[in-house]
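Quick notes on the structure that follows.
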Amino acid sequence: MGDSPRHLTHFLHPDHPLVYQYHEASFVCSGCRITGDGHRYRCDRCTFELHERCARCPSTISFHMHPQHLLTLHARSGTARRCDVCGVDVGGMLYQCRTCGFDLHPPCSMVRPLPARGQRANRGGAWGGFFRSVVLLLFIDDVIDYVDDNDDADADADAGNPNE
């Protein structure tokens with residue numbers, strides 16, 4: 001569990017405490033609406049579950065890809081929004097700059113800048129930046145696959161063919 005608190009209360013689910021747990025089964029995060037597995041914060045009374053990162057998101061952040069303004073965490077916007085880092089539609093909570101409209105998934109907020117050419121990464125040496133880039137690409141690919149699968153299911157349901 002590391003430095004994760006065992007119990008917490010989240011603004012999206014204030015009526016019940018969330019408990020830090022591990023389950024192998026996958027789940028859809030009630031915060032960002034992206035599939036996850038393994039460690040999560042879960043309500044034992046209902047089906048509310050959050051990625052560890054989504055449960056512990058700070059209410060405001062400074063982000064290297066949008067240094068001009070702070071980004072504020074919002075539950076869900078009433079209009080369709082797209083993450084400006086991965087390009088995927090945001091179905092759940094997001095960081096947003098109200099001044100310029102920059103939007104960011106909470107998981108994408110973990111993307112760190114690569115070291116400048118010729119500099120060594122703080123962790124992992126020259127390979128650290130490469131591996132972070134590969135992990136980011138795999139994460140974005142998983143997000144896009146998840147969104148594509150849900151779009152196909154939504155289209156089938158709209159057409160009256162939920163089993164196709």
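Residues are referred to by chain and number: the chain letter is A, B, ... according to the order shown in the structure tokens, the number counts from 1 in that chain, and ligands are numbered separately from 1 in the order shown.
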Any chance you could tabulate, as a Markdown table, the residues of region 88-116 of chain A at most 9 Å from region 69-80 of chain A with each one's nearest atom pair and distance in Å to one decimal, using only C-alpha atoms, in chain and rising number order?
| residue | atom | partner | partner_atom | distance |
| --- | --- | --- | --- | --- |
| A:Asp89 | CA | A:Ala80 | CA | 7.1 |
| A:Val90 | CA | A:Ala80 | CA | 7.3 |
| A:Gly91 | CA | A:Arg76 | CA | 7.4 |
| A:Gly92 | CA | A:Arg76 | CA | 5.2 |
| A:Met93 | CA | A:Ala75 | CA | 4.3 |
| A:Leu94 | CA | A:His74 | CA | 5.5 |
| A:Tyr95 | CA | A:Leu73 | CA | 4.3 |
| A:Gln96 | CA | A:Leu71 | CA | 5.0 |
| A:Cys97 | CA | A:Leu71 | CA | 4.9 |
| A:Arg98 | CA | A:Leu71 | CA | 8.0 |
| A:Thr99 | CA | A:His69 | CA | 7.8 |
| A:Cys100 | CA | A:His69 | CA | 8.6 |
| A:Phe102 | CA | A:Leu71 | CA | 8.1 |
| A:Asp103 | CA | A:Leu71 | CA | 8.3 |
| A:Leu104 | CA | A:Leu71 | CA | 8.5 |
| A:Pro106 | CA | A:Leu73 | CA | 8.4 |
Written file, previous selection with all heavy atoms, as a compact mmCIF listing (two decimals), in the first residue's frame:
# COMPACT_ATOMS: atom_id res chain seq x y z
N ASP A 89 -11.86 11.74 -25.70
CA ASP A 89 -12.97 12.41 -25.02
C ASP A 89 -12.93 12.11 -23.53
O ASP A 89 -12.66 10.98 -23.12
CB ASP A 89 -14.31 11.95 -25.58
CG ASP A 89 -14.57 12.47 -26.98
OD1 ASP A 89 -13.97 13.50 -27.35
OD2 ASP A 89 -15.37 11.86 -27.71
N VAL A 90 -13.19 13.13 -22.73
CA VAL A 90 -13.18 13.00 -21.27
C VAL A 90 -14.60 12.69 -20.82
O VAL A 90 -15.51 13.49 -21.00
CB VAL A 90 -12.68 14.30 -20.60
CG1 VAL A 90 -12.72 14.17 -19.09
CG2 VAL A 90 -11.27 14.64 -21.08
N GLY A 91 -14.80 11.50 -20.25
CA GLY A 91 -16.13 11.10 -19.81
C GLY A 91 -16.37 11.32 -18.34
O GLY A 91 -17.48 11.20 -17.86
N GLY A 92 -15.34 11.65 -17.60
CA GLY A 92 -15.47 11.82 -16.16
C GLY A 92 -14.78 13.08 -15.70
O GLY A 92 -14.72 14.08 -16.42
N MET A 93 -14.23 13.00 -14.49
CA MET A 93 -13.60 14.20 -13.94
C MET A 93 -12.37 14.57 -14.76
O MET A 93 -11.77 13.73 -15.42
CB MET A 93 -13.29 14.05 -12.46
CG MET A 93 -12.28 13.03 -12.09
SD MET A 93 -12.15 12.97 -10.29
CE MET A 93 -10.76 11.87 -10.14
N LEU A 94 -12.03 15.86 -14.71
CA LEU A 94 -10.92 16.35 -15.50
C LEU A 94 -10.33 17.58 -14.84
O LEU A 94 -10.99 18.25 -14.05
CB LEU A 94 -11.36 16.69 -16.92
CG LEU A 94 -12.20 17.96 -17.10
CD1 LEU A 94 -12.02 18.47 -18.52
CD2 LEU A 94 -13.66 17.70 -16.84
N TYR A 95 -9.07 17.83 -15.18
CA TYR A 95 -8.45 19.10 -14.84
C TYR A 95 -8.75 20.05 -15.99
O TYR A 95 -8.69 19.66 -17.16
CB TYR A 95 -6.94 18.95 -14.68
CG TYR A 95 -6.55 18.33 -13.37
CD1 TYR A 95 -6.11 17.02 -13.29
CD2 TYR A 95 -6.64 19.06 -12.18
CE1 TYR A 95 -5.76 16.45 -12.08
CE2 TYR A 95 -6.29 18.50 -10.96
CZ TYR A 95 -5.85 17.19 -10.93
OH TYR A 95 -5.51 16.64 -9.73
N GLN A 96 -9.05 21.29 -15.64
CA GLN A 96 -9.43 22.24 -16.67
C GLN A 96 -8.89 23.63 -16.35
O GLN A 96 -8.86 24.04 -15.20
CB GLN A 96 -10.95 22.29 -16.75
CG GLN A 96 -11.50 23.09 -17.90
CD GLN A 96 -13.01 22.95 -17.98
OE1 GLN A 96 -13.70 23.18 -17.01
NE2 GLN A 96 -13.49 22.55 -19.14
N CYS A 97 -8.48 24.32 -17.40
CA CYS A 97 -8.13 25.73 -17.30
C CYS A 97 -9.34 26.51 -17.80
O CYS A 97 -9.66 26.44 -18.99
CB CYS A 97 -6.90 26.06 -18.13
SG CYS A 97 -6.52 27.82 -18.15
N ARG A 98 -10.01 27.22 -16.91
CA ARG A 98 -11.20 27.98 -17.30
C ARG A 98 -10.82 29.18 -18.18
O ARG A 98 -11.63 29.64 -18.97
CB ARG A 98 -11.95 28.47 -16.06
CG ARG A 98 -12.53 27.38 -15.22
CD ARG A 98 -13.79 26.84 -15.83
NE ARG A 98 -14.38 25.87 -14.91
CZ ARG A 98 -15.48 25.22 -15.15
NH1 ARG A 98 -16.14 25.42 -16.26
NH2 ARG A 98 -15.94 24.36 -14.28
N THR A 99 -9.57 29.63 -18.07
CA THR A 99 -9.13 30.79 -18.84
C THR A 99 -9.00 30.45 -20.32
O THR A 99 -9.47 31.18 -21.18
CB THR A 99 -7.79 31.32 -18.31
OG1 THR A 99 -7.94 31.61 -16.91
CG2 THR A 99 -7.36 32.57 -19.05
N CYS A 100 -8.32 29.33 -20.63
CA CYS A 100 -8.09 29.01 -22.04
C CYS A 100 -8.72 27.71 -22.51
O CYS A 100 -8.60 27.40 -23.69
CB CYS A 100 -6.62 28.99 -22.39
SG CYS A 100 -5.39 28.92 -21.19
N PHE A 102 -7.98 24.54 -21.65
CA PHE A 102 -7.11 23.36 -21.69
C PHE A 102 -7.72 22.29 -20.77
O PHE A 102 -8.09 22.58 -19.64
CB PHE A 102 -5.70 23.74 -21.20
CG PHE A 102 -4.70 22.64 -21.27
CD1 PHE A 102 -3.96 22.43 -22.43
CD2 PHE A 102 -4.48 21.80 -20.19
CE1 PHE A 102 -3.02 21.42 -22.50
CE2 PHE A 102 -3.54 20.79 -20.25
CZ PHE A 102 -2.81 20.60 -21.41
N ASP A 103 -7.86 21.05 -21.28
CA ASP A 103 -8.46 19.95 -20.53
C ASP A 103 -7.47 18.80 -20.40
O ASP A 103 -6.68 18.55 -21.32
CB ASP A 103 -9.72 19.43 -21.24
CG ASP A 103 -10.81 20.48 -21.32
OD1 ASP A 103 -11.03 21.18 -20.32
OD2 ASP A 103 -11.43 20.61 -22.39
N LEU A 104 -7.55 18.08 -19.28
CA LEU A 104 -6.57 17.04 -18.97
C LEU A 104 -7.21 15.95 -18.13
O LEU A 104 -7.81 16.22 -17.10
CB LEU A 104 -5.42 17.69 -18.19
CG LEU A 104 -4.25 16.85 -17.75
CD1 LEU A 104 -3.43 16.40 -18.96
CD2 LEU A 104 -3.38 17.65 -16.80
N PRO A 106 -7.13 13.08 -15.37
CA PRO A 106 -6.24 12.90 -14.21
C PRO A 106 -5.08 11.92 -14.48
O PRO A 106 -3.95 12.23 -14.13
CB PRO A 106 -7.18 12.39 -13.11
CG PRO A 106 -8.49 13.02 -13.45
CD PRO A 106 -8.54 12.96 -14.97
Report task. May I have the residues within 8 Å of Cys54 (chain A) as a list in words, using only C-alpha atoms and disregarding those fewer than 3 positions away in the same chain? Result -> Gly31, Cys32, Leu50, His51, Cys57, Pro106 and Pro107 of chain A
Expected file: the selected residues, N, CA, C and O atoms, as a CSV table (one decimal), in the first residue's frame:
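Final file, result.csv:
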chain,number,residue,atom,x,y,z
A,31,GLY,N,-14.4,8.0,-11.4
A,31,GLY,CA,-13.9,9.3,-11.5
A,31,GLY,C,-13.7,9.7,-13.0
A,31,GLY,O,-14.3,10.5,-13.5
A,32,CYS,N,-12.7,9.0,-13.6
A,32,CYS,CA,-12.2,9.4,-14.9
A,32,CYS,C,-12.9,8.6,-16.0
A,32,CYS,O,-12.8,8.9,-17.2
A,50,LEU,N,-12.5,4.0,-7.5
A,50,LEU,CA,-11.6,5.0,-8.1
A,50,LEU,C,-10.2,4.5,-8.3
A,50,LEU,O,-9.7,3.7,-7.4
A,51,HIS,N,-9.5,4.8,-9.4
A,51,HIS,CA,-8.1,4.6,-9.4
A,51,HIS,C,-7.4,5.2,-8.2
A,51,HIS,O,-7.9,6.3,-7.7
A,57,CYS,N,-6.2,12.8,-6.3
A,57,CYS,CA,-5.9,14.0,-7.2
A,57,CYS,C,-6.0,15.3,-6.3
A,57,CYS,O,-7.0,15.5,-5.7
A,106,PRO,N,-7.1,13.1,-15.4
A,106,PRO,CA,-6.2,12.9,-14.2
A,106,PRO,C,-5.1,11.9,-14.5
A,106,PRO,O,-3.9,12.2,-14.1
A,107,PRO,N,-5.3,10.8,-15.2
A,107,PRO,CA,-4.1,9.9,-15.4
A,107,PRO,C,-3.1,10.6,-16.3
A,107,PRO,O,-1.9,10.4,-16.1
Query - In region 55-117 of chain A, DSSP helix (DSSP H, G or I) residues written as a ChimeraX atom specification - result: /A:55,107-110
Query raised in the report: From the set A:Arg6, A:His64, A:Arg45, A:Arg53, which residue has the shortest atom-to-atom contact distance to Cys29 (chain A), counting only C-alpha atoms?
Result: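 Checking each candidate against Cys29 (chain A), we get A:Arg53 as the closest.
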Report task. Pick out the closest residue to Asp84 (chain A) from this set: A:Ser30, A:Thr60, A:Thr35, A:Ser109. Count only C-alpha atoms. Result ->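 Between A:Ser30, A:Thr60, A:Thr35, A:Ser109, the residue approaching Asp84 (chain A) most closely is A:Ser109.
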Requested in this report: For CA of Gly101 (chain A) and CA of Arg81 (chain A), quote the distance in Å rounded to one decimal.
Outcome: 9.3 Å
Requested in this report: Considering only C-alpha atoms, state which residue in the set A:Ser26, A:Gln68, A:Gln21, A:Thr9 is at the smallest distance from Ala55 (chain A).
Outcome: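 Selected residue with least distance to Ala55 (chain A): A:Thr9.
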Report summary line: re CA of Val19 (chain A) and CA of Asp44 (chain A): distance 7.5 Å
Query raised in the report: Quick one: distance from CA of Cys43 (chain A) to CA of Leu18 (chain A) in Å, one decimal?
Result: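 The value is 4.7 Å.
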**Report entry** DSSP-assigned strand (DSSP E or B) members of region 63-99 of chain A, reported as a ChimeraX atom specification
**Finding:** /A:63,66-74,81-82,89-90,94-96
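Each of A:Val85, A:His10, A:Pro67, A:Ile61 was checked against Tyr41 (chain A) using only C-alpha atoms; the smallest atom-to-atom distance is that of A:His10.
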